[in-house]
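File shown here: protein-v3.tsv, holding TSV, N, CA and C atoms and all ligand atoms.
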chain	number	residue	atom	x	y	z
R	15	MET	N	-3.24	-1.64	13.64
R	15	MET	CA	-2.68	-0.69	14.60
R	15	MET	C	-2.35	0.65	13.91
R	16	THR	N	-2.70	1.73	14.55
R	16	THR	CA	-2.33	3.03	14.02
R	16	THR	C	-1.68	3.84	15.14
R	17	ASP	N	-1.13	4.97	14.74
R	17	ASP	CA	-0.51	5.82	15.74
R	17	ASP	C	-1.47	6.88	16.24
R	18	PHE	N	-2.73	6.77	15.86
R	18	PHE	CA	-3.69	7.77	16.28
R	18	PHE	C	-3.98	7.63	17.77
R	19	ASP	N	-3.89	8.75	18.43
R	19	ASP	CA	-4.18	8.78	19.85
R	19	ASP	C	-5.50	9.54	20.02
R	20	PRO	N	-6.54	8.87	20.47
R	20	PRO	CA	-7.86	9.51	20.56
R	20	PRO	C	-7.83	10.80	21.39
R	21	ALA	N	-7.05	10.81	22.45
R	21	ALA	CA	-6.98	12.01	23.29
R	21	ALA	C	-6.36	13.17	22.52
R	22	GLN	N	-5.36	12.82	21.73
R	22	GLN	CA	-4.68	13.84	20.91
R	22	GLN	C	-5.66	14.42	19.89
R	23	ILE	N	-6.45	13.53	19.28
R	23	ILE	CA	-7.44	13.97	18.28
R	23	ILE	C	-8.44	14.91	18.94
R	24	LYS	N	-8.90	14.52	20.12
R	24	LYS	CA	-9.91	15.32	20.81
R	24	LYS	C	-9.35	16.71	21.12
R	25	ALA	N	-8.13	16.75	21.61
R	25	ALA	CA	-7.49	18.03	21.94
R	25	ALA	C	-7.34	18.88	20.68
R	26	ALA	N	-6.94	18.23	19.58
R	26	ALA	CA	-6.72	18.96	18.33
R	26	ALA	C	-8.04	19.50	17.81
R	27	ARG	N	-9.10	18.73	17.99
R	27	ARG	CA	-10.41	19.17	17.52
R	27	ARG	C	-10.83	20.42	18.30
R	28	ARG	N	-10.51	20.41	19.58
R	28	ARG	CA	-10.85	21.55	20.44
R	28	ARG	C	-10.09	22.80	19.99
R	29	ASP	N	-8.79	22.63	19.70
R	29	ASP	CA	-7.99	23.82	19.31
R	29	ASP	C	-8.16	24.17	17.83
R	30	GLY	N	-8.90	23.36	17.10
R	30	GLY	CA	-9.05	23.66	15.68
R	30	GLY	C	-7.83	23.29	14.87
R	31	THR	N	-6.96	22.46	15.40
R	31	THR	CA	-5.75	22.07	14.64
R	31	THR	C	-5.86	20.64	14.11
R	32	LEU	N	-7.09	20.13	14.11
R	32	LEU	CA	-7.26	18.72	13.72
R	32	LEU	C	-6.78	18.47	12.30
R	33	LYS	N	-7.14	19.36	11.40
R	33	LYS	CA	-6.76	19.17	10.00
R	33	LYS	C	-5.25	19.07	9.86
R	34	LEU	N	-4.60	19.97	10.57
R	34	LEU	CA	-3.14	20.00	10.54
R	34	LEU	C	-2.57	18.69	11.06
R	35	LEU	N	-3.15	18.24	12.15
R	35	LEU	CA	-2.69	17.00	12.78
R	35	LEU	C	-2.87	15.83	11.83
R	36	LEU	N	-4.04	15.76	11.20
R	36	LEU	CA	-4.31	14.65	10.29
R	36	LEU	C	-3.34	14.68	9.12
R	37	ARG	N	-3.10	15.89	8.62
R	37	ARG	CA	-2.19	16.01	7.49
R	37	ARG	C	-0.80	15.50	7.88
R	38	GLN	N	-0.43	15.84	9.08
R	38	GLN	CA	0.88	15.42	9.56
R	38	GLN	C	0.94	13.90	9.71
R	39	GLN	N	-0.15	13.33	10.25
R	39	GLN	CA	-0.21	11.88	10.44
R	39	GLN	C	-0.11	11.17	9.09
R	40	ILE	N	-0.81	11.72	8.09
R	40	ILE	CA	-0.80	11.10	6.78
R	40	ILE	C	0.61	11.17	6.19
R	41	ALA	N	1.24	12.32	6.35
R	41	ALA	CA	2.60	12.48	5.82
R	41	ALA	C	3.55	11.48	6.48
R	42	GLU	N	3.37	11.31	7.77
R	42	GLU	CA	4.22	10.34	8.47
R	42	GLU	C	3.96	8.93	7.99
R	43	GLY	N	2.70	8.63	7.77
R	43	GLY	CA	2.35	7.30	7.26
R	43	GLY	C	2.98	7.04	5.92
R	44	LYS	N	2.95	8.08	5.07
R	44	LYS	CA	3.55	7.95	3.74
R	44	LYS	C	5.05	7.72	3.86
R	45	ALA	N	5.67	8.46	4.77
R	45	ALA	CA	7.11	8.31	4.95
R	45	ALA	C	7.44	6.90	5.39
R	46	ARG	N	6.57	6.35	6.24
R	46	ARG	CA	6.82	4.99	6.72
R	46	ARG	C	6.69	3.99	5.59
R	47	LEU	N	5.67	4.19	4.75
R	47	LEU	CA	5.52	3.29	3.60
R	47	LEU	C	6.76	3.38	2.72
R	48	GLY	N	7.30	4.59	2.63
R	48	GLY	CA	8.50	4.79	1.82
R	48	GLY	C	9.70	4.06	2.38
R	49	ASP	N	9.64	3.70	3.66
R	49	ASP	CA	10.75	2.98	4.28
R	49	ASP	C	10.84	1.55	3.79
R	50	THR	N	9.81	1.08	3.14
R	50	THR	CA	9.80	-0.31	2.70
R	50	THR	C	9.76	-0.35	1.18
R	51	PRO	N	10.89	-0.03	0.55
R	51	PRO	CA	10.88	0.02	-0.91
R	51	PRO	C	10.67	-1.36	-1.51
R	52	ALA	N	10.15	-1.35	-2.74
R	52	ALA	CA	9.79	-2.61	-3.38
R	52	ALA	C	10.99	-3.52	-3.52
R	53	LYS	N	12.17	-2.96	-3.60
R	53	LYS	CA	13.32	-3.82	-3.86
R	53	LYS	C	13.61	-4.75	-2.67
R	54	ASP	N	13.12	-4.37	-1.49
R	54	ASP	CA	13.30	-5.24	-0.33
R	54	ASP	C	12.19	-6.27	-0.21
R	55	TRP	N	11.31	-6.26	-1.14
R	55	TRP	CA	10.16	-7.14	-1.05
R	55	TRP	C	9.70	-7.53	-2.43
R	56	PRO	N	9.18	-8.72	-2.66
R	56	PRO	CA	9.20	-9.81	-1.67
R	56	PRO	C	10.57	-10.46	-1.63
R	57	THR	N	10.89	-11.05	-0.54
R	57	THR	CA	12.21	-11.63	-0.38
R	57	THR	C	12.27	-13.06	-0.89
R	58	SER	N	11.14	-13.74	-0.87
R	58	SER	CA	11.17	-15.15	-1.21
R	58	SER	C	10.86	-15.41	-2.68
R	59	GLY	N	10.40	-14.39	-3.40
R	59	GLY	CA	10.06	-14.59	-4.80
R	59	GLY	C	8.73	-15.29	-5.01
R	60	ARG	N	7.98	-15.48	-3.93
R	60	ARG	CA	6.69	-16.16	-4.07
R	60	ARG	C	5.62	-15.13	-4.41
R	61	ARG	N	5.50	-14.81	-5.64
R	61	ARG	CA	4.49	-13.82	-6.01
R	61	ARG	C	3.98	-14.13	-7.40
R	62	ARG	N	3.81	-15.41	-7.64
R	62	ARG	CA	3.38	-15.90	-8.94
R	62	ARG	C	2.18	-15.14	-9.49
R	63	ASP	N	1.21	-14.86	-8.61
R	63	ASP	CA	-0.05	-14.32	-9.13
R	63	ASP	C	-0.09	-12.80	-9.19
R	64	VAL	N	1.05	-12.14	-8.99
R	64	VAL	CA	1.06	-10.69	-9.18
R	64	VAL	C	0.61	-10.37	-10.59
R	65	ASN	N	1.07	-11.17	-11.55
R	65	ASN	CA	0.73	-10.91	-12.94
R	65	ASN	C	-0.70	-11.31	-13.28
R	66	GLY	N	-1.45	-11.76	-12.30
R	66	GLY	CA	-2.87	-12.00	-12.53
R	66	GLY	C	-3.68	-10.71	-12.42
R	67	THR	N	-3.05	-9.65	-11.98
R	67	THR	CA	-3.75	-8.37	-11.83
R	67	THR	C	-3.40	-7.46	-13.01
R	68	THR	N	-4.20	-6.43	-13.17
R	68	THR	CA	-3.88	-5.41	-14.16
R	68	THR	C	-3.17	-4.27	-13.47
R	69	CYS	N	-2.08	-3.80	-14.04
R	69	CYS	CA	-1.30	-2.75	-13.39
R	69	CYS	C	-2.01	-1.41	-13.55
R	70	PRO	N	-2.29	-0.73	-12.43
R	70	PRO	CA	-2.97	0.56	-12.53
R	70	PRO	C	-2.06	1.65	-13.08
R	71	HIS	N	-0.76	1.38	-13.12
R	71	HIS	CA	0.16	2.42	-13.57
R	71	HIS	C	0.42	2.34	-15.07
R	72	CYS	N	0.80	1.16	-15.55
R	72	CYS	CA	1.14	1.05	-16.98
R	72	CYS	C	0.08	0.25	-17.73
R	73	HIS	N	-0.94	-0.22	-17.01
R	73	HIS	CA	-2.07	-0.93	-17.60
R	73	HIS	C	-1.67	-2.26	-18.24
R	74	ALA	N	-0.58	-2.82	-17.80
R	74	ALA	CA	-0.24	-4.17	-18.26
R	74	ALA	C	-1.33	-5.12	-17.75
R	75	GLY	N	-1.91	-5.89	-18.65
R	75	GLY	CA	-3.00	-6.78	-18.27
R	75	GLY	C	-2.47	-8.06	-17.68
R	76	PRO	N	-3.40	-8.96	-17.29
R	76	PRO	CA	-2.98	-10.25	-16.75
R	76	PRO	C	-1.98	-10.94	-17.67
R	77	ASP	N	-0.94	-11.49	-17.08
R	77	ASP	CA	0.12	-12.22	-17.79
R	77	ASP	C	1.01	-11.32	-18.64
R	78	GLN	N	0.84	-10.00	-18.56
R	78	GLN	CA	1.77	-9.11	-19.25
R	78	GLN	C	2.72	-8.52	-18.23
R	79	ARG	N	3.97	-8.35	-18.62
R	79	ARG	CA	4.92	-7.70	-17.73
R	79	ARG	C	4.67	-6.21	-17.72
R	80	CYS	N	5.03	-5.57	-16.61
R	80	CYS	CA	4.96	-4.12	-16.55
R	80	CYS	C	5.96	-3.53	-17.53
R	81	HIS	N	5.63	-2.35	-18.02
R	81	HIS	CA	6.55	-1.74	-18.97
R	81	HIS	C	6.68	-0.24	-18.70
R	82	VAL	N	7.74	0.33	-19.25
R	82	VAL	CA	7.96	1.77	-19.14
R	82	VAL	C	6.90	2.47	-19.97
R	83	LEU	N	6.24	3.46	-19.37
R	83	LEU	CA	5.11	4.10	-20.04
R	83	LEU	C	5.50	4.76	-21.36
R	84	SER	N	6.65	5.43	-21.37
R	84	SER	CA	7.00	6.23	-22.54
R	84	SER	C	7.64	5.38	-23.64
R	85	ARG	N	8.12	4.20	-23.26
R	85	ARG	CA	8.82	3.39	-24.26
R	85	ARG	C	8.28	1.97	-24.24
R	86	ASP	N	8.56	1.25	-25.28
R	86	ASP	CA	8.11	-0.13	-25.38
R	86	ASP	C	9.17	-1.04	-24.74
R	87	LYS	N	9.28	-0.92	-23.43
R	87	LYS	CA	10.34	-1.65	-22.74
R	87	LYS	C	9.74	-2.30	-21.50
R	88	THR	N	9.90	-3.61	-21.36
R	88	THR	CA	9.33	-4.25	-20.18
R	88	THR	C	10.27	-4.10	-18.99
R	89	LEU	N	9.69	-4.16	-17.80
R	89	LEU	CA	10.46	-3.98	-16.58
R	89	LEU	C	10.71	-5.32	-15.92
R	90	PRO	N	11.85	-5.47	-15.27
R	90	PRO	CA	12.14	-6.73	-14.58
R	90	PRO	C	11.21	-6.95	-13.38
R	91	LYS	N	10.69	-5.85	-12.82
R	91	LYS	CA	9.84	-5.98	-11.63
R	91	LYS	C	8.52	-5.26	-11.87
R	92	PRO	N	7.43	-5.77	-11.27
R	92	PRO	CA	6.16	-5.07	-11.41
R	92	PRO	C	6.21	-3.70	-10.73
R	93	HIS	N	5.35	-2.80	-11.19
R	93	HIS	CA	5.24	-1.50	-10.54
R	93	HIS	C	4.74	-1.67	-9.10
R	94	GLN	N	5.17	-0.75	-8.27
R	94	GLN	CA	4.75	-0.77	-6.87
R	94	GLN	C	3.22	-0.75	-6.75
R	95	GLN	N	2.57	0.02	-7.62
R	95	GLN	CA	1.11	0.12	-7.55
R	95	GLN	C	0.47	-1.23	-7.83
R	96	ARG	N	1.10	-1.99	-8.72
R	96	ARG	CA	0.53	-3.29	-9.06
R	96	ARG	C	0.68	-4.26	-7.88
R	97	LEU	N	1.81	-4.17	-7.22
R	97	LEU	CA	2.02	-5.00	-6.04
R	97	LEU	C	0.97	-4.66	-4.98
R	98	ALA	N	0.66	-3.36	-4.88
R	98	ALA	CA	-0.34	-2.93	-3.90
R	98	ALA	C	-1.71	-3.50	-4.24
R	99	VAL	N	-2.06	-3.43	-5.51
R	99	VAL	CA	-3.36	-3.98	-5.94
R	99	VAL	C	-3.41	-5.47	-5.64
R	100	TRP	N	-2.31	-6.13	-5.94
R	100	TRP	CA	-2.25	-7.57	-5.71
R	100	TRP	C	-2.39	-7.87	-4.21
R	101	ALA	N	-1.63	-7.16	-3.40
R	101	ALA	CA	-1.70	-7.40	-1.95
R	101	ALA	C	-3.10	-7.12	-1.44
R	102	GLN	N	-3.72	-6.08	-1.98
R	102	GLN	CA	-5.07	-5.72	-1.55
R	102	GLN	C	-6.07	-6.79	-1.95
R	103	THR	N	-5.84	-7.42	-3.10
R	103	THR	CA	-6.77	-8.41	-3.61
R	103	THR	C	-6.68	-9.73	-2.83
R	104	VAL	N	-5.46	-10.16	-2.56
R	104	VAL	CA	-5.31	-11.51	-2.03
R	104	VAL	C	-5.20	-11.58	-0.51
R	105	ALA	N	-4.86	-10.48	0.15
R	105	ALA	CA	-4.58	-10.58	1.58
R	105	ALA	C	-5.40	-9.59	2.38
R	106	CYS	N	-5.64	-9.94	3.64
R	106	CYS	CA	-6.18	-8.95	4.55
R	106	CYS	C	-4.98	-8.22	5.16
R	107	CYS	N	-5.24	-7.05	5.73
R	107	CYS	CA	-4.14	-6.25	6.26
R	107	CYS	C	-4.05	-6.44	7.77
R	108	THR	N	-2.87	-6.81	8.23
R	108	THR	CA	-2.70	-7.02	9.66
R	108	THR	C	-2.51	-5.69	10.38
R	109	THR	N	-2.28	-4.63	9.63
R	109	THR	CA	-2.10	-3.31	10.26
R	109	THR	C	-3.45	-2.65	10.54
R	110	CYS	N	-4.34	-2.63	9.55
R	110	CYS	CA	-5.60	-1.90	9.72
R	110	CYS	C	-6.81	-2.84	9.66
R	111	GLN	N	-6.56	-4.16	9.53
R	111	GLN	CA	-7.63	-5.16	9.53
R	111	GLN	C	-8.54	-5.07	8.30
R	112	ALA	N	-8.09	-4.46	7.23
R	112	ALA	CA	-8.90	-4.44	6.01
R	112	ALA	C	-9.02	-5.86	5.45
R	113	ALA	N	-10.21	-6.22	5.02
R	113	ALA	CA	-10.44	-7.55	4.45
R	113	ALA	C	-9.93	-7.57	3.02
R	114	PRO	N	-9.68	-8.79	2.47
R	114	PRO	CA	-9.24	-8.86	1.07
R	114	PRO	C	-10.20	-8.10	0.16
R	115	GLY	N	-9.66	-7.29	-0.73
R	115	GLY	CA	-10.48	-6.49	-1.63
R	115	GLY	C	-10.79	-5.11	-1.09
R	116	GLN	N	-10.61	-4.91	0.21
R	116	GLN	CA	-10.88	-3.59	0.79
R	116	GLN	C	-9.60	-2.78	0.85
R	117	ARG	N	-9.77	-1.47	0.73
R	117	ARG	CA	-8.61	-0.61	0.81
R	117	ARG	C	-8.13	-0.48	2.24
R	118	CYS	N	-6.82	-0.26	2.39
R	118	CYS	CA	-6.25	0.01	3.70
R	118	CYS	C	-6.74	1.36	4.20
R	119	HIS	N	-6.78	1.49	5.51
R	119	HIS	CA	-7.25	2.75	6.08
R	119	HIS	C	-6.55	2.99	7.41
R	120	ASN	N	-6.49	4.23	7.78
R	120	ASN	CA	-6.02	4.62	9.10
R	120	ASN	C	-7.18	5.28	9.82
R	121	ASP	N	-7.74	4.59	10.79
R	121	ASP	CA	-8.88	5.15	11.50
R	121	ASP	C	-9.94	5.67	10.54
R	122	ASN	N	-10.34	4.83	9.60
R	122	ASN	CA	-11.41	5.13	8.64
R	122	ASN	C	-11.02	6.16	7.59
R	123	LEU	N	-9.80	6.65	7.62
R	123	LEU	CA	-9.32	7.48	6.51
R	123	LEU	C	-8.62	6.54	5.53
R	124	PRO	N	-9.20	6.34	4.35
R	124	PRO	CA	-8.55	5.40	3.42
R	124	PRO	C	-7.18	5.90	3.00
R	125	LEU	N	-6.27	4.98	2.80
R	125	LEU	CA	-4.97	5.33	2.25
R	125	LEU	C	-5.16	5.76	0.79
R	126	PRO	N	-4.20	6.48	0.22
R	126	PRO	CA	-4.33	6.88	-1.20
R	126	PRO	C	-4.55	5.64	-2.07
R	127	PRO	N	-5.19	5.82	-3.23
R	127	PRO	CA	-5.45	4.67	-4.11
R	127	PRO	C	-4.17	3.91	-4.41
R	128	ASN	N	-4.30	2.60	-4.51
R	128	ASN	CA	-3.17	1.73	-4.85
R	128	ASN	C	-2.03	1.84	-3.85
R	129	THR	N	-2.38	2.06	-2.61
R	129	THR	CA	-1.40	2.10	-1.55
R	129	THR	C	-1.89	1.19	-0.43
R	130	VAL	N	-1.02	0.35	0.08
R	130	VAL	CA	-1.40	-0.50	1.21
R	130	VAL	C	-0.31	-0.40	2.27
R	131	HIS	N	-0.66	-0.83	3.47
R	131	HIS	CA	0.34	-0.85	4.53
R	131	HIS	C	1.44	-1.86	4.18
R	132	ALA	N	2.64	-1.56	4.61
R	132	ALA	CA	3.78	-2.41	4.26
R	132	ALA	C	3.56	-3.85	4.70
R	133	ARG	N	2.92	-4.02	5.86
R	133	ARG	CA	2.71	-5.38	6.38
R	133	ARG	C	1.83	-6.23	5.47
R	134	ARG	N	0.98	-5.56	4.70
R	134	ARG	CA	0.06	-6.31	3.85
R	134	ARG	C	0.80	-7.06	2.74
R	135	TYR	N	1.92	-6.51	2.32
R	135	TYR	CA	2.74	-7.21	1.32
R	135	TYR	C	3.21	-8.55	1.86
R	136	GLN	N	3.68	-8.52	3.10
R	136	GLN	CA	4.16	-9.76	3.72
R	136	GLN	C	3.02	-10.77	3.82
R	137	GLU	N	1.86	-10.25	4.21
R	137	GLU	CA	0.69	-11.11	4.36
R	137	GLU	C	0.33	-11.74	3.01
R	138	ALA	N	0.36	-10.91	1.97
R	138	ALA	CA	0.02	-11.39	0.63
R	138	ALA	C	1.01	-12.46	0.18
R	139	GLU	N	2.26	-12.23	0.51
R	139	GLU	CA	3.29	-13.18	0.12
R	139	GLU	C	3.02	-14.53	0.77
R	140	GLU	N	2.62	-14.50	2.01
R	140	GLU	CA	2.36	-15.76	2.69
R	140	GLU	C	1.11	-16.44	2.16
R	141	THR	N	0.11	-15.63	1.79
R	141	THR	CA	-1.10	-16.18	1.21
R	141	THR	C	-0.81	-16.85	-0.11
R	142	ALA	N	0.11	-16.24	-0.88
R	142	ALA	CA	0.40	-16.75	-2.22
R	142	ALA	C	1.27	-18.00	-2.16
R	143	ALA	N	1.89	-18.24	-1.03
R	143	ALA	CA	2.83	-19.35	-0.92
R	143	ALA	C	2.13	-20.70	-1.12
T	1	ZN	ZN	2.99	-1.57	-14.35
T	2	ZN	ZN	-3.77	-1.78	6.00
Just give me the structure as structure tokens.
Ligand SMILES: [Zn+2]
Ligand SMILES: [Zn+2]
Amino acid sequence: MTDFDPAQIKAARRDGTLKLLLRQQIAEGKARLGDTPAKDWPTSGRRRDVNGTTCPHCHAGPDQRCHVLSRDKTLPKPHQQRLAVWAQTVACCTTCQAAPGQRCHNDNLPLPPNTVHARRYQEAEETAA
């Protein structure tokens, strides 16, 4: 499900404000993703295989904990980007219907790299259970 309204898009295309509209939609989408901070997820702790992925942020490999980039210090929680990669790998997205391994998208506009819809985390958690 997306908030894109085809009629709105058509009108915007006519007035030449489509780019502006899309930019706004993307910004709103980002804000919504920001509403679901990693600390609220996962709630059940069922994420054993998160460490089976390589972190795109700190490059911690399989079975390595994420660490602070500038220092040799491991983090208690994986980076958000790693969680996204994990969710993308193991789960399909109930928001945009992306299949496992596919990136999330809003009406064929892919989300930024290593970003998934908030619902996909929940889906991944259930898959991992
Ligand atoms: Zn990391
Ligand atoms: Zn999605």
Next on the checklist: At a cut-off of 7 Å around ligand ZN 1 (chain T), and using all atoms listed in the file, what residues come up? Please write them as an MDAnalysis selection string.
Outcome noted: chainID R and resid 68:74 79:81 92:96
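Once all atoms listed in the file are used for the distance check, the residues close to ligand ZN 2 (chain T) at 7 Å turn out to be R:Cys106, R:Cys107, R:Thr108, R:Thr109, R:Cys110, R:Gln111, R:Ala112, R:Arg117, R:Cys118, R:His119, R:Asn120, R:Val130, R:His131, R:Ala132, R:Arg134.
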Next on the checklist: For the structure I just gave you, how does DSSP split stretch 83-131 of chain R - specifically, which residues are helix (DSSP H, G or I)? Reply as a ChimeraX atom specification.
Outcome noted: /R:94-104
Write the selection just made, keeping N, CA and C atoms, as a CSV table (one decimal), keeping the file's coordinate frame?
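The resulting result29.csv:
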chain,number,residue,atom,x,y,z
R,94,GLN,N,5.2,-0.8,-8.3
R,94,GLN,CA,4.8,-0.8,-6.9
R,94,GLN,C,3.2,-0.8,-6.8
R,95,GLN,N,2.6,0.0,-7.6
R,95,GLN,CA,1.1,0.1,-7.6
R,95,GLN,C,0.5,-1.2,-7.8
R,96,ARG,N,1.1,-2.0,-8.7
R,96,ARG,CA,0.5,-3.3,-9.1
R,96,ARG,C,0.7,-4.3,-7.9
R,97,LEU,N,1.8,-4.2,-7.2
R,97,LEU,CA,2.0,-5.0,-6.0
R,97,LEU,C,1.0,-4.7,-5.0
R,98,ALA,N,0.7,-3.4,-4.9
R,98,ALA,CA,-0.3,-2.9,-3.9
R,98,ALA,C,-1.7,-3.5,-4.2
R,99,VAL,N,-2.1,-3.4,-5.5
R,99,VAL,CA,-3.4,-4.0,-5.9
R,99,VAL,C,-3.4,-5.5,-5.6
R,100,TRP,N,-2.3,-6.1,-5.9
R,100,TRP,CA,-2.2,-7.6,-5.7
R,100,TRP,C,-2.4,-7.9,-4.2
R,101,ALA,N,-1.6,-7.2,-3.4
R,101,ALA,CA,-1.7,-7.4,-2.0
R,101,ALA,C,-3.1,-7.1,-1.4
R,102,GLN,N,-3.7,-6.1,-2.0
R,102,GLN,CA,-5.1,-5.7,-1.6
R,102,GLN,C,-6.1,-6.8,-2.0
R,103,THR,N,-5.8,-7.4,-3.1
R,103,THR,CA,-6.8,-8.4,-3.6
R,103,THR,C,-6.7,-9.7,-2.8
R,104,VAL,N,-5.5,-10.2,-2.6
R,104,VAL,CA,-5.3,-11.5,-2.0
R,104,VAL,C,-5.2,-11.6,-0.5
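Atom CA of R:Val64 sits 17.1 Å away from atom CA of R:Gln116.
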Checklist entry - Any idea what the distance is between atom CA of R:Arg133 and atom CA of R:Ala101? => result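 Going from atom CA of R:Arg133 over to atom CA of R:Ala101 covers 9.6 Å.
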Checklist entry - Which residue gives the smallest distance to R:Leu123 among R:Ala21, R:Ser84, R:Arg37, R:Gly30, with only C-alpha atoms counted? => result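 Smallest distance to R:Leu123 is found for R:Arg37.
Minimum atom-to-atom distances from R:Ala25, R:Val99, R:Ala138, R:Ala105 to R:Pro126 were compared using only C-alpha atoms, and the lowest value belongs to R:Val99.
Atom C of R:Lys91 lies 17.3 Å from atom C of R:Pro127.
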Box time for stretch 100-113 of chain R: axis-aligned, enclosing all its listed atoms, 4 Å extra on each side; report centre and edge lengths in Å to one decimal, as lines of an AutoDock Vina configuration file.
center_x = -6.0
center_y = -6.7
center_z = 2.3
size_x = 16.8
size_y = 17.7
size_z = 24.5
